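Asks: Input file: model-v3.txt. Contents: compact mmCIF, C-alpha atoms.
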# COMPACT_ATOMS: atom_id res chain seq x y z
CA MET A 1 0.00 0.00 0.00
CA PRO A 2 1.33 3.44 -0.87
CA MET A 3 1.81 5.90 1.98
CA THR A 4 -0.44 8.95 1.92
CA ALA A 5 0.71 12.49 1.18
CA THR A 6 -1.18 15.77 1.03
CA SER A 7 -0.39 19.10 -0.61
CA ASN A 8 -0.93 20.91 2.64
CA ILE A 9 2.14 22.72 4.00
CA THR A 10 1.60 23.12 7.73
CA PHE A 11 3.16 25.62 10.10
CA GLY A 12 5.40 22.81 11.33
CA ASP A 13 6.59 22.19 7.74
CA LYS A 14 7.32 25.89 7.32
CA PHE A 15 9.32 25.90 10.52
CA GLN A 16 11.37 22.96 9.22
CA HIS A 17 11.93 24.85 5.94
CA PHE A 18 13.22 27.78 7.98
CA LEU A 19 15.61 25.53 9.93
CA ALA A 20 16.88 23.97 6.70
CA ARG A 21 17.44 27.42 5.16
CA VAL A 22 19.69 28.46 8.03
CA GLY A 23 21.46 25.10 8.03
CA LEU A 24 20.05 23.69 11.27
CA ARG A 25 19.16 19.98 11.41
CA ARG A 26 19.27 19.94 7.62
CA ASN A 27 20.68 16.42 7.57
CA ARG A 28 17.75 15.10 9.53
CA PHE A 29 15.08 16.77 7.36
CA ARG A 30 14.14 13.57 5.54
CA VAL A 31 11.07 11.69 4.42
CA GLN A 32 10.76 7.94 4.21
CA PRO A 33 11.62 6.62 0.74
CA GLY A 34 8.86 4.74 -1.05
CA LEU A 35 5.60 5.28 -2.91
CA TYR A 36 3.11 7.93 -1.81
CA ALA A 37 -0.44 8.51 -2.98
CA LEU A 38 -1.44 12.15 -3.29
CA GLY A 39 -5.22 12.58 -3.46
CA LYS A 40 -6.96 9.55 -4.98
CA PRO A 41 -4.72 8.21 -7.75
CA ASP A 42 -5.89 5.38 -10.03
CA LYS A 43 -4.18 3.18 -12.63
CA GLU A 44 -3.94 6.04 -15.14
CA SER A 45 -2.43 8.55 -12.73
CA ASN A 46 0.95 10.23 -13.19
CA VAL A 47 4.00 9.15 -11.21
CA PHE A 48 6.46 11.81 -10.07
CA VAL A 49 9.91 10.88 -8.78
CA THR A 50 11.79 12.95 -6.20
CA ALA A 51 14.48 12.88 -3.49
CA ASN A 52 13.89 12.17 0.19
CA TYR A 53 15.12 15.61 1.32
CA GLY A 54 12.15 17.18 3.13
CA LEU A 55 12.34 20.44 1.21
CA SER A 56 12.35 18.64 -2.16
CA PHE A 57 9.39 16.43 -1.23
CA ASN A 58 7.39 19.33 0.23
CA LYS A 59 8.01 21.55 -2.81
CA LEU A 60 6.78 18.76 -5.08
CA ARG A 61 3.65 17.84 -3.12
CA ALA A 62 2.73 21.55 -2.72
CA ALA A 63 3.16 22.12 -6.47
CA LEU A 64 0.88 19.16 -7.20
CA ALA A 65 -2.05 20.51 -5.17
CA GLY A 66 -5.35 19.31 -6.65
CA THR A 67 -3.77 16.49 -8.68
CA ASP A 68 -4.37 12.83 -7.98
CA CYS A 69 -1.04 11.14 -8.51
CA TYR A 70 1.77 9.01 -7.13
CA ILE A 71 5.03 10.32 -5.74
CA LEU A 72 7.97 7.92 -5.78
CA VAL A 73 10.59 9.01 -3.24
CA LEU A 74 14.13 7.71 -3.76
CA ASP A 75 16.56 7.23 -0.89
CA THR A 76 19.01 10.08 -1.51
CA LYS A 77 20.19 10.19 2.13
CA GLY A 78 18.32 13.45 2.71
CA ILE A 79 20.00 15.30 -0.18
CA ASN A 80 18.13 17.35 -2.81
CA VAL A 81 17.61 16.05 -6.35
CA TRP A 82 20.43 17.86 -8.18
CA CYS A 83 23.14 17.31 -5.59
CA ALA A 84 22.05 13.71 -5.08
CA ALA A 85 22.16 13.15 -8.85
CA GLY A 86 25.73 14.45 -8.85
CA LYS A 87 26.63 12.07 -6.04
CA GLY A 88 24.84 9.18 -7.76
CA THR A 89 22.27 8.52 -5.01
CA PHE A 90 19.48 9.97 -7.14
CA GLY A 91 20.71 7.42 -9.62
CA THR A 92 19.88 4.74 -12.14
CA GLU A 93 20.52 1.91 -9.71
CA GLU A 94 18.40 3.38 -6.89
CA LEU A 95 15.50 4.16 -9.26
CA ILE A 96 15.52 0.62 -10.70
CA HIS A 97 15.59 -0.77 -7.16
CA ARG A 98 12.81 1.53 -5.90
CA ILE A 99 10.49 0.79 -8.85
CA ASP A 100 10.83 -2.90 -8.04
CA ASP A 101 10.64 -2.42 -4.27
CA VAL A 102 7.29 -0.56 -4.35
CA ARG A 103 5.94 -2.85 -7.11
CA LEU A 104 5.10 0.17 -9.25
CA LYS A 105 3.74 -1.99 -12.09
CA LYS A 106 0.90 -3.18 -9.83
CA HIS A 107 -0.26 0.35 -9.11
CA ILE A 108 -0.43 1.78 -12.63
CA SER A 109 -1.36 0.53 -16.07
CA HIS A 110 0.85 2.90 -18.11
CA ASN A 111 4.66 2.94 -18.29
CA VAL A 112 5.68 6.60 -17.89
CA ILE A 113 7.40 8.13 -14.88
CA ILE A 114 8.06 11.86 -14.62
CA LEU A 115 11.43 12.92 -13.22
CA PRO A 116 12.70 16.38 -12.40
CA GLN A 117 15.05 17.54 -15.16
CA LEU A 118 17.94 18.05 -12.76
CA GLY A 119 17.79 14.36 -11.81
CA ALA A 120 19.21 13.61 -15.27
CA SER A 121 22.84 13.89 -14.18
CA GLY A 122 22.29 10.73 -12.10
CA ILE A 123 19.83 8.81 -14.26
CA ALA A 124 20.34 7.14 -17.62
CA ALA A 125 16.79 7.15 -19.00
CA HIS A 126 17.42 4.43 -21.59
CA GLU A 127 18.85 2.14 -18.90
CA ILE A 128 15.71 2.58 -16.78
CA GLU A 129 13.54 1.57 -19.74
CA LYS A 130 15.75 -1.41 -20.52
CA HIS A 131 15.66 -2.74 -16.95
CA THR A 132 12.14 -1.84 -15.78
CA GLY A 133 10.09 -1.09 -18.88
CA PHE A 134 9.31 2.39 -17.59
CA LYS A 135 9.88 5.36 -19.86
CA VAL A 136 11.52 8.32 -18.14
CA GLU A 137 10.02 11.67 -18.99
CA TYR A 138 12.04 14.65 -17.81
CA GLY A 139 9.75 17.35 -16.49
CA PRO A 140 10.74 20.97 -15.76
CA VAL A 141 13.62 22.06 -13.52
CA ARG A 142 11.29 23.66 -10.95
CA ALA A 143 8.28 22.00 -9.31
CA GLU A 144 6.37 25.31 -9.62
CA ASP A 145 6.26 24.81 -13.40
CA LEU A 146 4.67 21.36 -13.16
CA SER A 147 1.05 22.43 -13.58
CA ALA A 148 1.90 24.35 -16.76
CA TYR A 149 4.01 21.42 -17.94
CA LEU A 150 1.23 18.90 -17.33
CA ARG A 151 -1.19 20.81 -19.58
CA THR A 152 0.96 20.18 -22.69
CA ARG A 153 3.57 17.65 -21.51
CA GLU A 154 6.11 19.96 -23.14
CA ALA A 155 8.62 22.02 -21.20
CA THR A 156 9.29 25.51 -22.52
CA THR A 157 12.87 26.76 -22.83
CA GLU A 158 12.45 28.78 -19.61
CA MET A 159 11.29 25.67 -17.74
CA ARG A 160 14.44 23.84 -18.87
CA ARG A 161 16.96 26.41 -17.60
CA VAL A 162 18.43 26.88 -14.13
CA THR A 163 18.52 30.46 -12.91
CA PHE A 164 20.56 32.24 -10.29
CA SER A 165 18.55 35.37 -9.64
CA LEU A 166 19.08 37.76 -6.75
CA THR A 167 16.38 35.88 -4.81
CA ASP A 168 18.08 32.53 -5.50
CA ARG A 169 21.36 33.98 -4.21
CA LEU A 170 19.83 35.61 -1.13
CA ILE A 171 18.18 32.34 -0.06
CA LEU A 172 21.67 30.84 0.27
CA VAL A 173 23.12 33.64 2.45
CA PRO A 174 21.73 32.56 5.88
CA VAL A 175 23.15 29.02 5.60
CA GLU A 176 26.63 30.39 4.92
CA LEU A 177 26.40 33.03 7.67
CA PHE A 178 25.21 30.52 10.26
CA HIS A 179 28.01 28.13 9.28
CA MET A 180 30.62 30.83 9.76
CA ALA A 181 29.17 32.54 12.86
CA VAL A 182 31.17 30.67 15.51
CA PRO A 183 34.51 30.58 13.63
CA THR A 184 34.13 34.32 12.94
CA LEU A 185 33.53 35.15 16.60
CA ILE A 186 36.56 33.08 17.65
CA LEU A 187 38.71 34.77 15.00
CA MET A 188 37.51 38.21 16.10
CA ALA A 189 38.30 37.45 19.75
CA ILE A 190 41.82 36.24 18.91
CA LEU A 191 42.53 39.26 16.72
CA TYR A 192 41.12 41.62 19.32
CA PHE A 193 43.45 40.34 22.04
CA PHE A 194 46.57 40.12 19.89
CA SER A 195 46.18 43.03 17.47
CA GLY A 196 43.39 45.32 18.63
CA SER A 197 39.92 46.33 17.59
CA LEU A 198 40.63 47.42 14.01
CA PRO A 199 41.89 44.00 12.83
CA ALA A 200 38.98 42.31 14.67
CA LEU A 201 36.52 44.59 12.88
CA ALA A 202 38.30 43.95 9.59
CA SER A 203 37.86 40.19 9.98
CA LEU A 204 34.12 40.63 10.48
CA VAL A 205 33.86 42.91 7.45
CA ILE A 206 35.84 40.43 5.32
CA ILE A 207 33.43 37.60 6.20
CA LEU A 208 30.37 39.79 5.55
CA ALA A 209 31.82 41.05 2.27
CA GLY A 210 32.45 37.50 1.05
CA LEU A 211 29.27 35.85 2.26
CA LEU A 212 26.68 38.63 2.09
CA ILE A 213 27.75 41.51 -0.17
CA PHE A 214 29.38 39.31 -2.81
CA PRO A 215 26.31 37.14 -3.57
CA VAL A 216 24.20 40.29 -3.92
CA ILE A 217 26.51 42.15 -6.31
CA LEU A 218 27.96 39.05 -8.02
CA THR A 219 26.60 39.82 -11.48
CA TRP A 220 27.51 43.51 -11.39
CA ILE A 221 31.26 43.14 -10.74
CA PRO A 222 32.72 43.52 -14.22
CA THR A 223 35.29 40.68 -14.25
CA PRO A 224 34.80 37.17 -15.65
CA ASN A 225 35.56 34.94 -12.65
CA PHE A 226 35.02 34.59 -8.92
CA SER A 227 38.58 35.26 -7.76
CA THR A 228 39.04 38.55 -9.59
CA LYS A 229 35.57 39.67 -8.52
CA GLY A 230 36.60 38.86 -4.93
CA PHE A 231 39.93 40.73 -5.27
CA LEU A 232 38.11 43.82 -6.55
CA LEU A 233 35.54 43.73 -3.76
CA GLY A 234 38.34 43.08 -1.27
CA VAL A 235 40.27 46.17 -2.38
CA VAL A 236 37.18 48.34 -1.99
CA VAL A 237 36.62 46.89 1.48
CA ALA A 238 40.31 47.31 2.40
CA VAL A 239 40.65 51.03 1.58
CA PRO A 240 38.79 52.38 4.65
CA PHE A 241 40.84 50.14 6.96
CA PHE A 242 44.03 51.20 5.21
CA LEU A 243 43.17 54.88 5.75
CA LEU A 244 42.10 54.33 9.37
CA ALA A 245 45.33 52.47 10.13
CA LEU A 246 47.38 55.27 8.50
CA SER A 247 45.85 57.87 10.79
CA SER A 248 45.56 55.75 13.94
CA ASP A 249 48.82 56.89 15.55
CA PRO A 250 49.68 60.55 14.69
CA LEU A 251 53.00 60.35 16.54
CA ALA A 252 54.38 57.40 14.57
CA ALA A 253 56.91 57.87 11.78
CA TRP A 254 55.59 57.70 8.20
CA TRP A 255 57.14 54.28 7.58
CA GLN A 256 55.59 52.92 10.75
CA LYS A 257 52.17 54.18 9.68
CA LEU A 258 52.61 52.62 6.27
CA GLY A 259 53.83 49.36 7.78
CA SER A 260 50.78 48.97 9.96
CA ALA A 261 48.37 49.99 7.17
CA ILE A 262 49.73 47.96 4.23
CA PRO A 263 48.69 44.56 5.66
CA TYR A 264 45.05 45.60 5.24
CA LEU A 265 45.63 46.10 1.51
CA LEU A 266 47.24 42.69 1.20
CA ILE A 267 45.25 40.49 3.57
CA THR A 268 41.72 41.81 2.98
CA PRO A 269 41.58 41.27 -0.82
CA SER A 270 43.25 37.87 -0.57
CA LEU A 271 40.78 36.60 2.03
CA VAL A 272 37.70 38.05 0.33
CA ALA A 273 38.88 36.47 -2.94
CA PHE A 274 39.39 33.14 -1.18
CA ILE A 275 35.84 33.23 0.17
CA THR A 276 34.39 34.19 -3.22
CA LEU A 277 36.44 31.47 -4.97
CA ASN A 278 34.73 29.01 -2.63
CA TYR A 279 31.37 30.50 -3.56
CA THR A 280 31.69 28.62 -6.89
CA GLY A 281 30.19 25.57 -5.18
CA ALA A 282 26.98 27.44 -4.38
CA THR A 283 26.33 28.48 -7.98
CA PRO A 284 24.55 26.43 -10.64
CA PHE A 285 26.91 27.18 -13.55
CA THR A 286 30.56 26.58 -12.62
CA SER A 287 32.27 23.51 -14.06
CA LYS A 288 34.86 21.19 -12.59
CA SER A 289 37.53 22.07 -15.17
CA GLY A 290 36.76 25.81 -14.98
CA VAL A 291 37.08 25.90 -11.20
CA ALA A 292 40.30 23.85 -11.33
CA ARG A 293 41.77 26.38 -13.78
CA GLU A 294 40.68 29.23 -11.55
CA ILE A 295 42.30 27.68 -8.46
CA TYR A 296 45.59 27.21 -10.33
CA ALA A 297 45.48 30.75 -11.70
CA TYR A 298 44.58 32.71 -8.56
CA PHE A 299 45.13 30.66 -5.41
CA PRO A 300 48.94 31.22 -5.36
CA LEU A 301 48.38 35.00 -5.55
CA MET A 302 45.91 34.83 -2.64
CA PHE A 303 48.34 32.74 -0.63
CA TRP A 304 51.37 35.00 -1.14
CA MET A 305 49.42 38.21 -0.62
CA PHE A 306 48.11 36.82 2.64
CA CYS A 307 51.58 35.68 3.81
CA ALA A 308 53.21 38.99 2.87
CA GLY A 309 50.50 40.93 4.67
CA ALA A 310 50.71 38.74 7.77
CA ILE A 311 54.53 38.99 7.96
CA ILE A 312 54.54 42.78 7.51
CA GLY A 313 51.76 43.07 10.08
CA ILE A 314 53.61 40.97 12.67
CA ILE A 315 56.93 42.78 12.13
CA PHE A 316 55.42 46.24 12.57
CA ARG A 317 53.40 45.08 15.52
CA PHE A 318 56.65 44.37 17.37
CA ILE A 319 58.47 47.51 16.15
CA HIS A 320 55.64 49.57 17.58
CA MET B 1 27.40 36.42 -17.28
CA LEU B 2 30.23 34.41 -15.72
CA LYS B 3 30.47 31.88 -18.44
CA SER B 4 33.26 33.38 -20.53
CA LYS B 5 35.93 32.23 -18.08
CA TYR B 6 34.91 28.62 -18.47
CA LEU B 7 35.37 28.49 -22.23
CA LYS B 8 37.26 25.23 -22.48
CA THR B 9 35.43 22.32 -20.91
CA SER B 10 35.79 18.56 -21.14
CA LEU B 11 32.66 18.31 -23.32
CA SER B 12 32.94 16.73 -26.75
CA TYR B 13 30.26 15.70 -29.18
CA ASP B 14 30.30 13.46 -32.26
CA ALA B 15 27.41 14.68 -34.42
CA GLU B 16 27.70 11.70 -36.79
CA LEU B 17 26.50 9.31 -34.09
CA CYS B 18 23.43 11.40 -33.19
CA THR B 19 20.05 9.76 -33.74
CA GLY B 20 18.08 12.90 -32.88
CA CYS B 21 16.31 11.56 -29.79
CA GLY B 22 16.43 15.02 -28.21
CA MET B 23 17.48 13.88 -24.75
CA CYS B 24 20.61 16.07 -24.52
CA SER B 25 18.76 19.29 -25.24
CA ALA B 26 15.99 18.28 -22.83
CA VAL B 27 18.26 17.54 -19.87
CA CYS B 28 20.81 20.36 -20.26
CA PRO B 29 20.07 23.16 -17.76
CA HIS B 30 22.14 25.68 -19.78
CA GLY B 31 20.96 25.19 -23.36
CA VAL B 32 24.29 23.80 -24.57
CA PHE B 33 22.52 21.56 -27.11
CA PHE B 34 19.74 22.47 -29.51
CA GLN B 35 17.59 20.19 -31.66
CA ASN B 36 17.71 21.20 -35.29
CA ASN B 37 16.30 19.19 -38.22
CA GLY B 38 16.37 15.92 -36.30
CA THR B 39 19.88 16.15 -34.90
CA ALA B 40 21.45 17.76 -31.85
CA GLN B 41 23.62 20.78 -32.40
CA LEU B 42 26.26 21.93 -29.96
CA ILE B 43 25.35 25.61 -29.89
CA HIS B 44 26.68 26.91 -26.58
CA PRO B 45 29.66 24.79 -25.44
CA SER B 46 31.11 27.51 -23.20
CA ALA B 47 28.01 27.37 -20.98
CA CYS B 48 28.66 23.71 -20.10
CA MET B 49 29.01 23.09 -16.36
CA GLU B 50 30.03 19.45 -16.79
CA CYS B 51 27.10 17.98 -14.87
CA GLY B 52 27.20 14.97 -17.20
CA ALA B 53 23.42 14.71 -17.76
CA CYS B 54 23.65 14.81 -21.57
CA ALA B 55 26.32 12.13 -21.84
CA LEU B 56 24.56 9.86 -19.33
CA ASN B 57 21.26 10.13 -21.21
CA CYS B 58 22.66 9.78 -24.72
CA PRO B 59 21.69 6.26 -25.82
CA VAL B 60 24.36 6.11 -28.53
CA ASN B 61 27.28 7.62 -26.57
CA ALA B 62 27.71 10.52 -28.95
CA ILE B 63 28.61 12.83 -26.07
CA THR B 64 31.52 12.55 -23.66
CA VAL B 65 32.19 14.81 -20.70
CA ASP B 66 34.23 14.43 -17.52
CA PRO B 67 31.54 15.20 -14.95
CA GLY B 68 32.20 16.59 -11.49
CA THR B 69 31.54 19.41 -9.12
CA GLY B 70 32.39 23.02 -9.93
CA CYS B 71 33.12 23.73 -6.28
CA ALA B 72 36.49 25.15 -5.23
CA THR B 73 36.07 23.93 -1.63
CA ALA B 74 35.52 20.35 -2.75
CA GLN B 75 38.48 20.50 -5.14
CA MET B 76 40.85 21.96 -2.55
CA ILE B 77 39.78 19.41 0.06
CA ALA B 78 40.29 16.63 -2.50
CA ALA B 79 43.77 18.01 -3.28
CA LEU B 80 44.67 18.18 0.43
CA LYS B 81 43.46 14.64 1.05
CA GLY B 82 45.15 13.34 -2.07
CA LYS B 83 41.83 12.21 -3.55
CA LYS B 84 41.49 12.08 -7.30
CA GLU B 85 37.86 13.11 -7.58
CA PRO B 86 36.38 16.05 -5.63
CA THR B 87 33.19 15.07 -3.76
CA CYS B 88 30.41 17.13 -2.17
CA ASP B 89 30.81 15.71 1.34
CA CYS B 90 30.65 19.05 3.14
CA CYS B 91 27.16 20.06 2.01
Please express what this file holds, its structure, as structure tokens.

Replies:
Amino acid sequence: MPMTATSNITFGDKFQHFLARVGLRRNRFRVQPGLYALGKPDKESNVFVTANYGLSFNKLRAALAGTDCYILVLDTKGINVWCAAGKGTFGTEELIHRIDDVRLKKHISHNVIILPQLGASGIAAHEIEKHTGFKVEYGPVRAEDLSAYLRTREATTEMRRVTFSLTDRLILVPVELFHMAVPTLILMAILYFFSGSLPALASLVIILAGLLIFPVILTWIPTPNFSTKGFLLGVVVAVPFFLLALSSDPLAAWWQKLGSAIPYLLITPSLVAFITLNYTGATPFTSKSGVAREIYAYFPLMFWMFCAGAIIGIIFRFIH
Amino acid sequence: MLKSKYLKTSLSYDAELCTGCGMCSAVCPHGVFFQNNGTAQLIHPSACMECGACALNCPVNAITVDPGTGCATAQMIAALKGKKEPTCDCC
């Protein structure tokens, strides 16, 4: 017997969505794999396949409100469709196994299953048909487009493309900020005790620039990759600290002022660029070979700028 | 947008093998392939993010790509651990 699902998103569901979006208990936000009946499906009803990450399942069942259908949930270890497809858990083997396990053939009289398009990087459609007899139909990227898709069974070009709009980017910010909150506070405390309030403030601004400002202005920084965008943003962020450090001790000699201010110009851009280089993993368009090239091209510069800045900073700290 | 940096990818396509099933253009999230007169055309190779969906769903193996994650964190962790293939274990 299939399990029952509804399209109703309760307050409790919404609270779990909130927790997932800030990265709390995300690993445990799972649904049981297997076959679900939404509404009152019969032998002719559509079958939709999804991952067992709670957010994926809830998005799908909410988008299918008013439809009588089956939802086949694969065991993706609580990971969303696209990431699980990349890892292979939303994969050919698991789908073949799950179709057999739930005895899908007994529940429906047709042989079509509808998969989210982004599941395709884990599923070989022709292999599924060869092993199970079921024809894989790739639906739209987003569950929200399903009702339009079901009217014609054709996905428009827009439905077939991933986007990375400002909203898409902002949704990702809280997870990153929550991840970095404790390390940032520890770093700030260390810097405050060893170097003073300005370096501690700088470390906070570097983290916020990389994790919050960068995703917002990503598309407006006029360079072609993440590292150079990060360097540019880092220089802009560094200038105020450079000027503050220059004027912090009016009695110091000019070379002492310069020595305590220059580390900001070296360390800030290198760290912001390092954070933004790592942002590649959050985007839906960077490739493995492209990112590898970018690491080879810019990581050494980040490393040496950081080392030079740290050494100059330490030396002038003791001269003071 | 950001695609110009990633011009050279591991994607290659042998048009002579194509049977025109349309799978590659259906699964690609970046419009790299386009169906034209019953065969797939590689129209936007620089937009490829090497997810591997097209190659995996091509029934005649006309497409090859070295799939993997475009995540610097994963690649640097893999390099530090001496692993050959970067994996998304951290998120």

Asks: Set out as a tab-separated table a contact list for chain A and chain B with a cut-off of 9 Å, giving each residue of chain A that qualifies its closest atom pair and distance in Å to one decimal, counting only C-alpha atoms, ordered by chain and rising residue number.

Replies:
residue	atom	partner	partner_atom	distance
A:Ile79	CA	B:Cys91	CA	8.9
A:Cys83	CA	B:Cys88	CA	8.0
A:Gly86	CA	B:Cys51	CA	7.1
A:Lys87	CA	B:Cys88	CA	7.4
A:Gln117	CA	B:Val27	CA	5.7
A:Leu118	CA	B:Val27	CA	7.1
A:Gly119	CA	B:Ala53	CA	8.2
A:Ala120	CA	B:Ala53	CA	5.0
A:Ser121	CA	B:Ala53	CA	3.7
A:Gly122	CA	B:Ala53	CA	7.0
A:Ile123	CA	B:Leu56	CA	7.0
A:Ala124	CA	B:Asn57	CA	4.8
A:Ala125	CA	B:Asn57	CA	5.8
A:His126	CA	B:Pro59	CA	6.3
A:Glu127	CA	B:Pro59	CA	8.5
A:Tyr138	CA	B:Val27	CA	7.2
A:Gly139	CA	B:Ala26	CA	8.9
A:Val141	CA	B:Pro29	CA	7.8
A:Ala155	CA	B:Ala26	CA	8.4
A:Thr157	CA	B:Gly31	CA	8.3
A:Arg160	CA	B:Pro29	CA	5.8
A:Arg161	CA	B:Pro29	CA	4.5
A:Val162	CA	B:Pro29	CA	5.5
A:Thr163	CA	B:Pro29	CA	8.9
A:Thr219	CA	B:Met1	CA	6.8
A:Thr223	CA	B:Leu2	CA	8.2
A:Pro224	CA	B:Leu2	CA	5.3
A:Asn225	CA	B:Lys5	CA	6.1
A:Phe226	CA	B:Leu2	CA	8.3
A:Leu277	CA	B:Ala72	CA	6.3
A:Asn278	CA	B:Ala72	CA	5.0
A:Tyr279	CA	B:Cys71	CA	7.5
A:Thr280	CA	B:Cys71	CA	5.1
A:Gly281	CA	B:Cys71	CA	3.6
A:Ala282	CA	B:Cys71	CA	7.4
A:Thr283	CA	B:Gly70	CA	8.4
A:Pro284	CA	B:Met49	CA	8.0
A:Phe285	CA	B:Met49	CA	5.4
A:Thr286	CA	B:Gly70	CA	4.8
A:Ser287	CA	B:Met49	CA	4.0
A:Lys288	CA	B:Gly70	CA	4.1
A:Ser289	CA	B:Thr9	CA	6.1
A:Gly290	CA	B:Tyr6	CA	4.8
A:Val291	CA	B:Gly70	CA	5.6
A:Ala292	CA	B:Gln75	CA	7.3
A:Arg293	CA	B:Tyr6	CA	8.6
A:Glu294	CA	B:Ala72	CA	8.6
A:Ile295	CA	B:Ala72	CA	7.1

Asks: What's around B:Ile43 at 10 Å? Count only C-alpha atoms, leave out sequence neighbours fewer than 3 positions away in its own chain, and write the answer as number ranges by chain.

Replies: B: 31-35, 40, 46-47

Asks: Taking C-alpha atoms for each residue, export the selection above as a compact mmCIF listing (two decimals), keeping the file's coordinate frame.

Replies:
# COMPACT_ATOMS: atom_id res chain seq x y z
CA GLY B 31 20.96 25.19 -23.36
CA VAL B 32 24.29 23.80 -24.57
CA PHE B 33 22.52 21.56 -27.11
CA PHE B 34 19.74 22.47 -29.51
CA GLN B 35 17.59 20.19 -31.66
CA ALA B 40 21.45 17.76 -31.85
CA SER B 46 31.11 27.51 -23.20
CA ALA B 47 28.01 27.37 -20.98

Asks: Hey, what's within 10 Å of stretch 230-239 of chain A if we count only C-alpha atoms and toss same-chain stuff fewer than 4 positions away? As a PDB file with C-alpha atoms, in the frame of the given file, please?

Replies:
ATOM      1  CA  ALA A 202      38.300  43.950   9.590  1.00  0.00           C
ATOM      2  CA  VAL A 205      33.860  42.910   7.450  1.00  0.00           C
ATOM      3  CA  ILE A 206      35.840  40.430   5.320  1.00  0.00           C
ATOM      4  CA  ALA A 209      31.820  41.050   2.270  1.00  0.00           C
ATOM      5  CA  GLY A 210      32.450  37.500   1.050  1.00  0.00           C
ATOM      6  CA  ILE A 213      27.750  41.510  -0.170  1.00  0.00           C
ATOM      7  CA  PHE A 214      29.380  39.310  -2.810  1.00  0.00           C
ATOM      8  CA  ILE A 217      26.510  42.150  -6.310  1.00  0.00           C
ATOM      9  CA  LEU A 218      27.960  39.050  -8.020  1.00  0.00           C
ATOM     10  CA  ILE A 221      31.260  43.140 -10.740  1.00  0.00           C
ATOM     11  CA  PRO A 222      32.720  43.520 -14.220  1.00  0.00           C
ATOM     12  CA  THR A 223      35.290  40.680 -14.250  1.00  0.00           C
ATOM     13  CA  ASN A 225      35.560  34.940 -12.650  1.00  0.00           C
ATOM     14  CA  PHE A 226      35.020  34.590  -8.920  1.00  0.00           C
ATOM     15  CA  LEU A 243      43.170  54.880   5.750  1.00  0.00           C
ATOM     16  CA  LEU A 244      42.100  54.330   9.370  1.00  0.00           C
ATOM     17  CA  ALA A 245      45.330  52.470  10.130  1.00  0.00           C
ATOM     18  CA  ALA A 261      48.370  49.990   7.170  1.00  0.00           C
ATOM     19  CA  ILE A 262      49.730  47.960   4.230  1.00  0.00           C
ATOM     20  CA  PRO A 263      48.690  44.560   5.660  1.00  0.00           C
ATOM     21  CA  TYR A 264      45.050  45.600   5.240  1.00  0.00           C
ATOM     22  CA  LEU A 265      45.630  46.100   1.510  1.00  0.00           C
ATOM     23  CA  LEU A 266      47.240  42.690   1.200  1.00  0.00           C
ATOM     24  CA  ILE A 267      45.250  40.490   3.570  1.00  0.00           C
ATOM     25  CA  THR A 268      41.720  41.810   2.980  1.00  0.00           C
ATOM     26  CA  PRO A 269      41.580  41.270  -0.820  1.00  0.00           C
ATOM     27  CA  SER A 270      43.250  37.870  -0.570  1.00  0.00           C
ATOM     28  CA  LEU A 271      40.780  36.600   2.030  1.00  0.00           C
ATOM     29  CA  VAL A 272      37.700  38.050   0.330  1.00  0.00           C
ATOM     30  CA  ALA A 273      38.880  36.470  -2.940  1.00  0.00           C
ATOM     31  CA  PHE A 274      39.390  33.140  -1.180  1.00  0.00           C
ATOM     32  CA  ILE A 275      35.840  33.230   0.170  1.00  0.00           C
ATOM     33  CA  THR A 276      34.390  34.190  -3.220  1.00  0.00           C
ATOM     34  CA  LEU A 277      36.440  31.470  -4.970  1.00  0.00           C
ATOM     35  CA  TYR A 279      31.370  30.500  -3.560  1.00  0.00           C
ATOM     36  CA  TYR A 298      44.580  32.710  -8.560  1.00  0.00           C
ATOM     37  CA  MET A 302      45.910  34.830  -2.640  1.00  0.00           C
TER      38      MET A 302
END

Asks: Would you kindly return, as number ranges by chain, each protein, DNA or RNA residue with an atom no farther than 12 Å from any atom of A:Arg153, considering all atoms listed in the file and excluding same-chain residues fewer than 6 positions away?

Replies: A: 46, 112, 114, 137-140, 145-147, 159

Asks: State, in Å with one decimal place, the distance from atom CA of A:Arg25 to atom CA of A:Trp82.

Replies: 19.7 Å

Asks: List the spatial neighbours of A:Asn27 as a JSON list (two decimals) with C-alpha atoms, in the frame of the given file - criterion: any atom at most 12 Å away, all atoms listed in the file, same-chain residues fewer than 3 positions off excluded.

Replies:
[["chain", "number", "residue", "atom", "x", "y", "z"],
["A", 16, "GLN", "CA", 11.37, 22.96, 9.22],
["A", 19, "LEU", "CA", 15.61, 25.53, 9.93],
["A", 20, "ALA", "CA", 16.88, 23.97, 6.70],
["A", 21, "ARG", "CA", 17.44, 27.42, 5.16],
["A", 23, "GLY", "CA", 21.46, 25.10, 8.03],
["A", 24, "LEU", "CA", 20.05, 23.69, 11.27],
["A", 30, "ARG", "CA", 14.14, 13.57, 5.54],
["A", 31, "VAL", "CA", 11.07, 11.69, 4.42],
["A", 52, "ASN", "CA", 13.89, 12.17, 0.19],
["A", 53, "TYR", "CA", 15.12, 15.61, 1.32],
["A", 54, "GLY", "CA", 12.15, 17.18, 3.13],
["A", 55, "LEU", "CA", 12.34, 20.44, 1.21],
["A", 76, "THR", "CA", 19.01, 10.08, -1.51],
["A", 77, "LYS", "CA", 20.19, 10.19, 2.13],
["A", 78, "GLY", "CA", 18.32, 13.45, 2.71],
["A", 79, "ILE", "CA", 20.00, 15.30, -0.18],
["A", 80, "ASN", "CA", 18.13, 17.35, -2.81],
["B", 89, "ASP", "CA", 30.81, 15.71, 1.34],
["B", 90, "CYS", "CA", 30.65, 19.05, 3.14],
["B", 91, "CYS", "CA", 27.16, 20.06, 2.01]]
